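As provided, model-v6.pdb (PDB, C-alpha atoms) reads as follows.
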ATOM      1  CA  MET B   1      47.550 111.357  43.800
ATOM      2  CA  SER B   2      47.050 113.424  46.959
ATOM      3  CA  LYS B   3      43.757 113.331  48.801
ATOM      4  CA  LEU B   4      42.038 116.444  50.093
ATOM      5  CA  ARG B   5      41.265 116.088  53.788
ATOM      6  CA  ILE B   6      37.908 117.661  54.655
ATOM      7  CA  ALA B   7      36.720 118.024  58.249
ATOM      8  CA  VAL B   8      33.035 117.938  59.176
ATOM      9  CA  GLN B   9      31.281 118.040  62.516
ATOM     10  CA  LYS B  10      31.137 114.517  63.934
ATOM     11  CA  SER B  11      27.389 114.557  64.734
ATOM     12  CA  GLY B  12      24.242 116.657  64.687
ATOM     13  CA  ARG B  13      22.408 118.621  62.022
ATOM     14  CA  LEU B  14      25.557 120.241  60.629
ATOM     15  CA  ASN B  15      27.025 116.768  60.081
ATOM     16  CA  GLU B  16      23.887 115.630  58.235
ATOM     17  CA  ASP B  17      23.780 118.700  55.988
ATOM     18  CA  SER B  18      27.527 118.470  55.305
ATOM     19  CA  MET B  19      27.334 114.828  54.267
ATOM     20  CA  GLN B  20      24.289 115.600  52.108
ATOM     21  CA  ILE B  21      26.058 118.298  50.107
ATOM     22  CA  LEU B  22      29.053 116.001  49.575
ATOM     23  CA  LYS B  23      26.630 113.384  48.290
ATOM     24  CA  ASP B  24      24.928 115.966  46.062
ATOM     25  CA  ILE B  25      28.258 116.860  44.406
ATOM     26  CA  GLY B  26      28.880 113.207  43.577
ATOM     27  CA  ILE B  27      31.276 112.209  46.355
ATOM     28  CA  SER B  28      30.437 108.760  47.751
ATOM     29  CA  ILE B  29      31.551 108.237  51.354
ATOM     30  CA  ASP B  30      31.419 104.924  53.215
ATOM     31  CA  ASN B  31      31.244 105.980  56.842
ATOM     32  CA  GLY B  32      30.341 103.592  59.626
ATOM     33  CA  LYS B  33      29.087 104.425  63.084
ATOM     34  CA  ASP B  34      31.664 106.146  65.328
ATOM     35  CA  GLN B  35      34.183 106.239  62.459
ATOM     36  CA  LEU B  36      36.670 109.102  62.737
ATOM     37  CA  LYS B  37      37.884 109.044  59.135
ATOM     38  CA  ALA B  38      36.478 107.787  55.840
ATOM     39  CA  SER B  39      37.679 107.858  52.238
ATOM     40  CA  ALA B  40      35.582 108.578  49.168
ATOM     41  CA  ARG B  41      35.171 105.712  46.715
ATOM     42  CA  ASN B  42      35.158 107.890  43.623
ATOM     43  CA  PHE B  43      37.044 111.090  44.430
ATOM     44  CA  PRO B  44      40.404 112.001  46.051
ATOM     45  CA  VAL B  45      38.879 113.033  49.366
ATOM     46  CA  GLU B  46      39.127 111.888  52.978
ATOM     47  CA  VAL B  47      36.499 113.045  55.463
ATOM     48  CA  PHE B  48      37.482 113.585  59.105
ATOM     49  CA  TYR B  49      34.702 113.599  61.714
ATOM     50  CA  LEU B  50      35.757 116.061  64.413
ATOM     51  CA  ARG B  51      34.434 118.176  67.263
ATOM     52  CA  ASN B  52      33.324 121.473  65.780
ATOM     53  CA  GLY B  53      35.414 123.535  68.186
ATOM     54  CA  ASP B  54      38.603 121.647  67.299
ATOM     55  CA  ILE B  55      38.348 122.148  63.542
ATOM     56  CA  PRO B  56      39.815 125.704  63.333
ATOM     57  CA  GLN B  57      43.057 124.617  64.998
ATOM     58  CA  TYR B  58      43.345 121.574  62.733
ATOM     59  CA  LEU B  59      42.944 123.902  59.748
ATOM     60  CA  LYS B  60      45.643 126.241  61.037
ATOM     61  CA  ASP B  61      48.044 123.332  61.632
ATOM     62  CA  GLY B  62      47.350 121.743  58.253
ATOM     63  CA  VAL B  63      46.014 118.533  59.803
ATOM     64  CA  VAL B  64      43.000 119.003  57.512
ATOM     65  CA  ASP B  65      42.957 120.943  54.249
ATOM     66  CA  ALA B  66      39.375 122.195  54.286
ATOM     67  CA  ALA B  67      36.304 122.073  56.490
ATOM     68  CA  ILE B  68      32.566 122.535  56.455
ATOM     69  CA  ILE B  69      32.071 124.558  59.604
ATOM     70  CA  GLY B  70      29.784 127.152  61.137
ATOM     71  CA  GLU B  71      30.989 130.681  60.427
ATOM     72  CA  ASN B  72      30.352 131.526  64.089
ATOM     73  CA  VAL B  73      32.927 128.916  65.198
ATOM     74  CA  LEU B  74      35.400 130.135  62.601
ATOM     75  CA  ILE B  75      35.063 133.696  63.900
ATOM     76  CA  GLU B  76      35.422 132.585  67.530
ATOM     77  CA  LYS B  77      38.377 130.234  67.176
ATOM     78  CA  GLY B  78      39.958 130.949  63.822
ATOM     79  CA  ASN B  79      39.257 134.496  62.696
ATOM     80  CA  ASP B  80      42.483 134.540  60.685
ATOM     81  CA  LEU B  81      41.214 131.607  58.603
ATOM     82  CA  LYS B  82      39.498 132.163  55.260
ATOM     83  CA  PHE B  83      36.427 130.565  53.757
ATOM     84  CA  VAL B  84      35.773 130.264  50.034
ATOM     85  CA  GLU B  85      32.048 129.516  49.912
ATOM     86  CA  ARG B  86      28.895 130.148  51.903
ATOM     87  CA  LEU B  87      26.832 126.962  51.882
ATOM     88  CA  GLY B  88      23.336 128.198  52.726
ATOM     89  CA  PHE B  89      22.511 125.782  55.558
ATOM     90  CA  SER B  90      22.879 125.649  59.360
ATOM     91  CA  LYS B  91      21.870 129.308  59.571
ATOM     92  CA  CYS B  92      21.801 130.907  63.013
ATOM     93  CA  LYS B  93      22.562 134.098  64.921
ATOM     94  CA  VAL B  94      24.925 134.843  67.786
ATOM     95  CA  SER B  95      22.767 136.895  70.114
ATOM     96  CA  ILE B  96      22.692 138.437  73.567
ATOM     97  CA  ALA B  97      19.605 137.637  75.620
ATOM     98  CA  VAL B  98      18.339 138.466  79.107
ATOM     99  CA  PRO B  99      15.435 137.207  81.257
ATOM    100  CA  LYS B 100      12.021 138.280  79.957
ATOM    101  CA  ASP B 101      11.197 140.079  83.205
ATOM    102  CA  SER B 102      14.523 141.936  83.240
ATOM    103  CA  LYS B 103      14.556 145.723  82.949
ATOM    104  CA  ASP B 104      17.559 145.369  80.628
ATOM    105  CA  ASN B 105      16.292 146.012  77.097
ATOM    106  CA  SER B 106      19.412 147.048  75.225
ATOM    107  CA  LEU B 107      23.128 146.321  75.133
ATOM    108  CA  LYS B 108      24.011 149.470  77.084
ATOM    109  CA  ASP B 109      21.878 148.182  79.978
ATOM    110  CA  LEU B 110      24.453 145.391  80.480
ATOM    111  CA  ASN B 111      27.243 147.853  81.228
ATOM    112  CA  GLY B 112      28.957 146.667  84.417
ATOM    113  CA  LYS B 113      27.010 143.390  84.488
ATOM    114  CA  LYS B 114      27.801 139.716  83.822
ATOM    115  CA  ILE B 115      27.288 137.865  80.531
ATOM    116  CA  ALA B 116      27.583 134.068  80.310
ATOM    117  CA  THR B 117      28.813 132.732  76.981
ATOM    118  CA  SER B 118      30.571 129.977  75.054
ATOM    119  CA  TYR B 119      31.890 132.603  72.633
ATOM    120  CA  PRO B 120      34.204 134.776  74.762
ATOM    121  CA  GLU B 121      36.439 136.081  71.942
ATOM    122  CA  THR B 122      33.475 137.087  69.791
ATOM    123  CA  VAL B 123      31.752 138.806  72.716
ATOM    124  CA  LYS B 124      34.914 140.587  73.926
ATOM    125  CA  LYS B 125      35.526 142.042  70.488
ATOM    126  CA  PHE B 126      31.915 143.127  70.071
ATOM    127  CA  LEU B 127      31.678 144.729  73.531
ATOM    128  CA  LYS B 128      34.938 146.604  72.937
ATOM    129  CA  GLU B 129      33.618 147.959  69.626
ATOM    130  CA  GLN B 130      30.421 149.080  71.365
ATOM    131  CA  ASN B 131      32.265 150.581  74.389
ATOM    132  CA  ILE B 132      30.450 148.273  76.807
ATOM    133  CA  ASP B 133      32.248 147.137  79.966
ATOM    134  CA  ALA B 134      30.770 143.801  81.036
ATOM    135  CA  GLN B 135      32.249 140.821  82.852
ATOM    136  CA  LEU B 136      32.226 137.493  80.990
ATOM    137  CA  HIS B 137      31.434 134.162  82.596
ATOM    138  CA  ILE B 138      32.649 131.403  80.252
ATOM    139  CA  ILE B 139      30.412 128.314  80.096
ATOM    140  CA  ASN B 140      30.667 125.319  77.801
ATOM    141  CA  GLY B 141      27.118 124.182  77.136
ATOM    142  CA  SER B 142      23.734 124.972  78.725
ATOM    143  CA  VAL B 143      24.427 128.702  78.668
ATOM    144  CA  GLU B 144      20.692 129.488  78.811
ATOM    145  CA  ILE B 145      20.344 128.463  82.481
ATOM    146  CA  ALA B 146      22.982 130.949  83.714
ATOM    147  CA  PRO B 147      20.586 133.843  84.503
ATOM    148  CA  ASN B 148      18.113 131.510  86.234
ATOM    149  CA  ILE B 149      20.739 130.207  88.678
ATOM    150  CA  GLY B 150      22.296 133.605  89.341
ATOM    151  CA  LEU B 151      25.524 133.149  87.388
ATOM    152  CA  ALA B 152      24.943 136.054  85.017
ATOM    153  CA  ASP B 153      22.591 138.876  84.089
ATOM    154  CA  GLY B 154      22.471 137.821  80.435
ATOM    155  CA  ILE B 155      23.853 135.328  77.964
ATOM    156  CA  CYS B 156      25.416 135.304  74.528
ATOM    157  CA  ASP B 157      24.832 132.159  72.489
ATOM    158  CA  ILE B 158      23.737 130.862  69.099
ATOM    159  CA  VAL B 159      20.047 131.254  68.266
ATOM    160  CA  SER B 160      18.329 129.286  65.505
ATOM    161  CA  SER B 161      14.552 129.320  65.881
ATOM    162  CA  GLY B 162      14.476 131.111  69.233
ATOM    163  CA  SER B 163      12.597 128.250  70.892
ATOM    164  CA  THR B 164      15.416 127.564  73.380
ATOM    165  CA  LEU B 165      15.360 131.187  74.522
ATOM    166  CA  PHE B 166      11.580 131.032  74.903
ATOM    167  CA  LYS B 167      11.695 127.811  76.924
ATOM    168  CA  ASN B 168      14.234 129.334  79.287
ATOM    169  CA  GLY B 169      12.336 132.586  79.778
ATOM    170  CA  LEU B 170      14.802 134.737  77.824
ATOM    171  CA  LYS B 171      14.424 137.578  75.325
ATOM    172  CA  GLU B 172      16.869 138.600  72.610
ATOM    173  CA  ILE B 173      18.169 142.172  72.907
ATOM    174  CA  GLU B 174      21.154 142.232  70.513
ATOM    175  CA  VAL B 175      22.388 140.298  67.465
ATOM    176  CA  LEU B 176      26.181 140.196  67.213
ATOM    177  CA  LEU B 177      26.382 138.359  63.903
ATOM    178  CA  LYS B 178      24.534 136.077  61.506
ATOM    179  CA  SER B 179      26.119 132.768  60.636
ATOM    180  CA  GLU B 180      25.783 129.812  58.280
ATOM    181  CA  ALA B 181      27.904 126.847  57.244
ATOM    182  CA  VAL B 182      30.938 127.779  55.157
ATOM    183  CA  LEU B 183      33.689 125.953  53.296
ATOM    184  CA  ALA B 184      36.877 127.016  55.082
ATOM    185  CA  VAL B 185      40.435 126.317  53.926
ATOM    186  CA  SER B 186      43.804 125.731  55.548
ATOM    187  CA  PRO B 187      46.458 128.439  55.002
ATOM    188  CA  VAL B 188      48.987 125.720  54.069
ATOM    189  CA  LEU B 189      47.154 124.221  51.084
ATOM    190  CA  ASP B 190      49.494 123.079  48.290
ATOM    191  CA  ALA B 191      48.778 123.469  44.561
ATOM    192  CA  GLU B 192      47.672 119.869  43.987
ATOM    193  CA  LYS B 193      45.120 119.986  46.800
ATOM    194  CA  GLN B 194      44.004 123.451  45.739
ATOM    195  CA  ALA B 195      43.078 121.988  42.353
ATOM    196  CA  ILE B 196      40.940 119.332  44.065
ATOM    197  CA  LEU B 197      39.307 122.004  46.222
ATOM    198  CA  ASP B 198      38.561 124.115  43.137
ATOM    199  CA  THR B 199      36.689 121.178  41.608
ATOM    200  CA  ILE B 200      34.699 120.646  44.815
ATOM    201  CA  GLN B 201      33.852 124.358  45.033
ATOM    202  CA  PHE B 202      32.675 124.401  41.396
ATOM    203  CA  ARG B 203      30.396 121.420  42.061
ATOM    204  CA  ILE B 204      29.046 122.999  45.258
ATOM    205  CA  GLN B 205      28.255 126.225  43.394
ATOM    206  CA  SER B 206      26.313 124.198  40.799
ATOM    207  CA  VAL B 207      24.261 122.518  43.543
ATOM    208  CA  LEU B 208      23.593 125.787  45.395
ATOM    209  CA  LYS B 209      22.496 127.563  42.206
ATOM    210  CA  GLY B 210      20.104 124.700  41.524
ATOM    211  CA  ARG B 211      18.638 124.914  45.032
ATOM    212  CA  ASP B 212      18.079 128.646  44.614
ATOM    213  CA  SER B 213      16.311 128.364  41.251
ATOM    214  CA  LYS B 214      13.172 126.902  39.646
ATOM    215  CA  TYR B 215      12.633 125.736  36.068
ATOM    216  CA  VAL B 216       9.445 127.171  34.578
ATOM    217  CA  LEU B 217       7.519 126.115  31.464
ATOM    218  CA  LEU B 218       4.471 128.067  30.317
ATOM    219  CA  ASN B 219       2.217 128.808  27.368
ATOM    220  CA  ALA B 220       2.166 132.447  26.256
ATOM    221  CA  PRO B 221      -0.032 134.337  23.762
ATOM    222  CA  ASN B 222       2.231 135.745  21.061
ATOM    223  CA  ASP B 223       0.834 139.259  21.444
ATOM    224  CA  LYS B 224       2.047 139.258  25.087
ATOM    225  CA  LEU B 225       5.303 137.433  24.420
ATOM    226  CA  ASP B 226       7.602 140.454  24.814
ATOM    227  CA  ALA B 227       6.018 141.430  28.141
ATOM    228  CA  ILE B 228       6.283 137.864  29.444
ATOM    229  CA  ILE B 229       9.900 137.469  28.335
ATOM    230  CA  SER B 230      10.798 140.733  30.084
ATOM    231  CA  LEU B 231       9.693 139.176  33.390
ATOM    232  CA  LEU B 232      11.915 136.109  32.991
ATOM    233  CA  PRO B 233      15.591 136.605  33.867
ATOM    234  CA  GLY B 234      16.708 133.135  32.733
ATOM    235  CA  MET B 235      20.355 132.108  32.501
ATOM    236  CA  LYS B 236      20.854 133.997  29.204
ATOM    237  CA  SER B 237      17.406 134.361  27.675
ATOM    238  CA  PRO B 238      14.236 132.257  27.754
ATOM    239  CA  THR B 239      13.683 129.465  25.227
ATOM    240  CA  VAL B 240      10.655 130.185  22.991
ATOM    241  CA  LEU B 241       9.062 127.460  20.838
ATOM    242  CA  PRO B 242       5.922 127.716  18.668
ATOM    243  CA  LEU B 243       2.896 125.674  19.746
ATOM    244  CA  ALA B 244       0.653 123.705  17.357
ATOM    245  CA  GLU B 245      -2.111 126.213  18.146
ATOM    246  CA  LYS B 246      -1.537 129.400  16.183
ATOM    247  CA  GLY B 247      -0.899 132.557  18.152
ATOM    248  CA  TRP B 248       0.722 130.729  21.085
ATOM    249  CA  SER B 249       4.277 129.858  22.111
ATOM    250  CA  SER B 250       5.868 127.673  24.772
ATOM    251  CA  VAL B 251       8.342 129.553  26.970
ATOM    252  CA  HIS B 252      11.001 127.839  29.108
ATOM    253  CA  SER B 253      13.140 129.671  31.640
ATOM    254  CA  VAL B 254      14.827 129.617  35.041
ATOM    255  CA  ILE B 255      13.725 131.950  37.819
ATOM    256  CA  PRO B 256      15.244 132.643  41.255
ATOM    257  CA  LYS B 257      13.403 130.989  44.133
ATOM    258  CA  ASN B 258      13.307 134.181  46.212
ATOM    259  CA  ASP B 259      11.411 136.076  43.474
ATOM    260  CA  PHE B 260       9.245 133.115  42.486
ATOM    261  CA  TRP B 261       5.747 134.319  43.441
ATOM    262  CA  ASN B 262       6.254 137.891  42.271
ATOM    263  CA  ILE B 263       7.325 136.611  38.848
ATOM    264  CA  ILE B 264       4.464 134.090  38.684
ATOM    265  CA  ASP B 265       1.954 136.842  39.520
ATOM    266  CA  GLY B 266       3.373 138.966  36.697
ATOM    267  CA  LEU B 267       3.236 136.092  34.230
ATOM    268  CA  LYS B 268      -0.411 135.374  35.058
ATOM    269  CA  ALA B 269      -1.300 139.048  34.732
ATOM    270  CA  ASN B 270       0.168 139.024  31.205
ATOM    271  CA  GLY B 271      -1.827 136.021  30.027
ATOM    272  CA  ALA B 272       0.545 133.109  30.701
ATOM    273  CA  GLN B 273      -1.249 129.760  31.012
ATOM    274  CA  GLY B 274      -0.363 126.174  31.906
ATOM    275  CA  ILE B 275       2.560 127.227  34.097
ATOM    276  CA  LEU B 276       4.641 124.224  35.185
ATOM    277  CA  VAL B 277       7.313 124.576  37.866
ATOM    278  CA  CYS B 278      10.103 122.022  38.336
ATOM    279  CA  PRO B 279      12.938 121.789  40.870
ATOM    280  CA  ILE B 280      16.512 121.992  39.565
ATOM    281  CA  GLU B 281      19.022 119.484  40.889
ATOM    282  CA  LYS B 282      22.116 121.305  39.634
ATOM    283  CA  MET B 283      22.986 124.275  37.416
ATOM    284  CA  VAL B 284      26.309 124.093  35.568
ATOM    285  CA  LEU B 285      27.033 127.496  34.051
TER
END
Exercise: express the given structure as structure tokens:
Amino acid sequence: MSKLRIAVQKSGRLNEDSMQILKDIGISIDNGKDQLKASARNFPVEVFYLRNGDIPQYLKDGVVDAAIIGENVLIEKGNDLKFVERLGFSKCKVSIAVPKDSKDNSLKDLNGKKIATSYPETVKKFLKEQNIDAQLHIINGSVEIAPNIGLADGICDIVSSGSTLFKNGLKEIEVLLKSEAVLAVSPVLDAEKQAILDTIQFRIQSVLKGRDSKYVLLNAPNDKLDAIISLLPGMKSPTVLPLAEKGWSSVHSVIPKNDFWNIIDGLKANGAQGILVCPIEKMVL
């Protein structure tokens, strides 16, 4: 049977999150230190540990069949490549920033000036769309120091928390795009490997749905049961069971994490008691 070759970043936070989601979907990888390739013990998968910037070309050439990669890198080096799933981690922005004491406060202020970046293709396309004529100074790494040493008037780089900009005396003036880790695929994937990828994607979706949801159990007075049920979206409808105490029912449901507190407030206001909240490992729908 064929094995699906998946590329992940060889080190760093993206590597850790990538390996964690593979573990969460039941794929066991034995990977030693400085290993460039490892096979799964229980699934037809090989993991390749590669430099993030090299992965798009390997996808195009069919050296690897799929990859967990930052969307920002895919846009910069492989914008003709497709991804099949957003993975919800390694979130960041690609932003333009200038020194805090600069009089430049908007993108148009950089017309005719220099921008240092590791993302030249992304920046060129964006500047063209915005009718801004700026000169690019391409730097690989440590882009933030460019304005301080006179190489450029501003920079364009990835921003996560913003702490790196702050430490280097920079302020963000424009966001080009928002990015997160995605599951990208090679354009030369055959049918057998596509079937393996479909199984992996289904498992990933189950894990992501679990991460985005909470399981809720509560006691509800029967005279408020309809109002309480109306607040609970659930997967189909809440489970309602009678309690030993007359006039009360136990209600079980699933609620989205992003709406959690608003829903809890509504439940309390309608007389719900003994609300228990549990994490969900996976949701298979």
Show me, as a Markdown table, the residues of region 154-241 of chain B having an atom within 9 Å of region 67-70 of chain B, each with the closest atom pair and its distance in Å, using only C-alpha atoms.
| residue | atom | partner | partner_atom | distance |
| --- | --- | --- | --- | --- |
| B:Ser179 | CA | B:Gly70 | CA | 6.7 |
| B:Glu180 | CA | B:Gly70 | CA | 5.6 |
| B:Ala181 | CA | B:Gly70 | CA | 4.3 |
| B:Val182 | CA | B:Ile69 | CA | 5.6 |
| B:Leu183 | CA | B:Ile68 | CA | 4.8 |
| B:Ala184 | CA | B:Ala67 | CA | 5.2 |
| B:Val185 | CA | B:Ala67 | CA | 6.5 |
| B:Ser186 | CA | B:Ala67 | CA | 8.4 |
Please write the residues picked by the PyMOL selection byres ((chain B and resi 229) around 10) on this file as a PDB file with C-alpha atoms, keeping the file's coordinate frame.
ATOM      1  CA  ALA B 220       2.166 132.447  26.256  1.00  0.00           C
ATOM      2  CA  LYS B 224       2.047 139.258  25.087  1.00  0.00           C
ATOM      3  CA  LEU B 225       5.303 137.433  24.420  1.00  0.00           C
ATOM      4  CA  ASP B 226       7.602 140.454  24.814  1.00  0.00           C
ATOM      5  CA  ALA B 227       6.018 141.430  28.141  1.00  0.00           C
ATOM      6  CA  ILE B 228       6.283 137.864  29.444  1.00  0.00           C
ATOM      7  CA  SER B 230      10.798 140.733  30.084  1.00  0.00           C
ATOM      8  CA  LEU B 231       9.693 139.176  33.390  1.00  0.00           C
ATOM      9  CA  LEU B 232      11.915 136.109  32.991  1.00  0.00           C
ATOM     10  CA  PRO B 233      15.591 136.605  33.867  1.00  0.00           C
ATOM     11  CA  GLY B 234      16.708 133.135  32.733  1.00  0.00           C
ATOM     12  CA  SER B 237      17.406 134.361  27.675  1.00  0.00           C
ATOM     13  CA  PRO B 238      14.236 132.257  27.754  1.00  0.00           C
ATOM     14  CA  THR B 239      13.683 129.465  25.227  1.00  0.00           C
ATOM     15  CA  VAL B 240      10.655 130.185  22.991  1.00  0.00           C
ATOM     16  CA  VAL B 251       8.342 129.553  26.970  1.00  0.00           C
ATOM     17  CA  HIS B 252      11.001 127.839  29.108  1.00  0.00           C
ATOM     18  CA  SER B 253      13.140 129.671  31.640  1.00  0.00           C
ATOM     19  CA  LEU B 267       3.236 136.092  34.230  1.00  0.00           C
TER      20      LEU B 267
END
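One finds CA of Ile145 (chain B) at 10.3 Å from CA of Lys167 (chain B).
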### Query
Which residues fall under the PyMOL selection byres ((chain B and resi 108-115) around 6) in this file, as a ChimeraX atom specification?
/B:104,106-107,116,132-137,152-155
Please expand the PyMOL selection byres ((chain B and resi 85-87) around 12) into the concrete residues it hits in this file, giving the result as a compact mmCIF listing (two decimals) with C-alpha atoms, keeping the file's coordinate frame.
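After the write, expr31.txt holds the following:
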# COMPACT_ATOMS: atom_id res chain seq x y z
CA LEU B 14 25.56 120.24 60.63
CA ASP B 17 23.78 118.70 55.99
CA SER B 18 27.53 118.47 55.30
CA GLN B 20 24.29 115.60 52.11
CA ILE B 21 26.06 118.30 50.11
CA LEU B 22 29.05 116.00 49.58
CA ALA B 66 39.38 122.20 54.29
CA ALA B 67 36.30 122.07 56.49
CA ILE B 68 32.57 122.54 56.46
CA ILE B 69 32.07 124.56 59.60
CA GLY B 70 29.78 127.15 61.14
CA GLU B 71 30.99 130.68 60.43
CA LYS B 82 39.50 132.16 55.26
CA PHE B 83 36.43 130.56 53.76
CA VAL B 84 35.77 130.26 50.03
CA GLY B 88 23.34 128.20 52.73
CA PHE B 89 22.51 125.78 55.56
CA SER B 90 22.88 125.65 59.36
CA LYS B 91 21.87 129.31 59.57
CA SER B 179 26.12 132.77 60.64
CA GLU B 180 25.78 129.81 58.28
CA ALA B 181 27.90 126.85 57.24
CA VAL B 182 30.94 127.78 55.16
CA LEU B 183 33.69 125.95 53.30
CA ALA B 184 36.88 127.02 55.08
CA VAL B 185 40.44 126.32 53.93
CA LEU B 197 39.31 122.00 46.22
CA ASP B 198 38.56 124.12 43.14
CA ILE B 200 34.70 120.65 44.82
CA GLN B 201 33.85 124.36 45.03
CA PHE B 202 32.67 124.40 41.40
CA ARG B 203 30.40 121.42 42.06
CA ILE B 204 29.05 123.00 45.26
CA GLN B 205 28.26 126.22 43.39
CA SER B 206 26.31 124.20 40.80
CA VAL B 207 24.26 122.52 43.54
CA LEU B 208 23.59 125.79 45.40
CA LYS B 209 22.50 127.56 42.21
CA ARG B 211 18.64 124.91 45.03
CA ASP B 212 18.08 128.65 44.61
### Query
Expressed in Å to a single decimal, how great is the separation between CA of Pro279 (chain B) and CA of Lys214 (chain B)?
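CA of Pro279 (chain B) sits 5.3 Å away from CA of Lys214 (chain B).
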As AutoDock Vina command-line options: centre and edge lengths in Å, one decimal, of the axis-aligned box holding region 252-267 of chain B with 6 Å per side:
--center_x 8.6 --center_y 133.4 --center_z 37.7 --size_x 25.3 --size_y 23.1 --size_z 29.1
### Task
Compare B:Ile6, B:Ile25, B:Asp65, B:Ala97 by their minimum atom-to-atom distance to Tyr49 (chain B), counting all atoms listed in the file, and give me the closest one.
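Ranked by minimum distance to Tyr49 (chain B), first place goes to B:Ile6.
The nearest approach to Ser142 (chain B) among the residues B:Lys125, B:Arg13, B:Thr117, B:Pro256, with all atoms listed in the file taken into account, belongs to B:Thr117.
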### Task
Skip Ile158 (chain B) itself and residues of its chain fewer than 5 positions away, then list as an NGL selection string all residues within 12 Å of it, counting all atoms listed in the file.
:B and (70-73 or 76 or 90-97 or 117-119 or 122-123 or 141-144 or 163-165 or 172 or 174-180)
#### Entry: Proximity to Val98 (chain B) - best of B:Val188, B:Ala7, B:Leu170, B:Met19, all atoms listed in the file
B:Leu170
#### Entry: Long-range neighbours of Lys77 (chain B) as number ranges by chain, 8 Å cut-off, only C-alpha atoms, 4 positions minimum in chain
B: 53, 56-57, 73, 121
### Query
So which residues touch Ile264 (chain B) within 10 Å, counting all atoms listed in the file, skipping near sequence neighbours fewer than 6 positions away, as a PyMOL selection string?
chain B and resi 216+231-232+255+270+272+275+277
### Query
Which residue out of B:Lys60, B:Lys282, B:Lys246, B:Arg5 has the minimum interatomic distance to Pro44 (chain B) when all atoms listed in the file are used?
B:Arg5
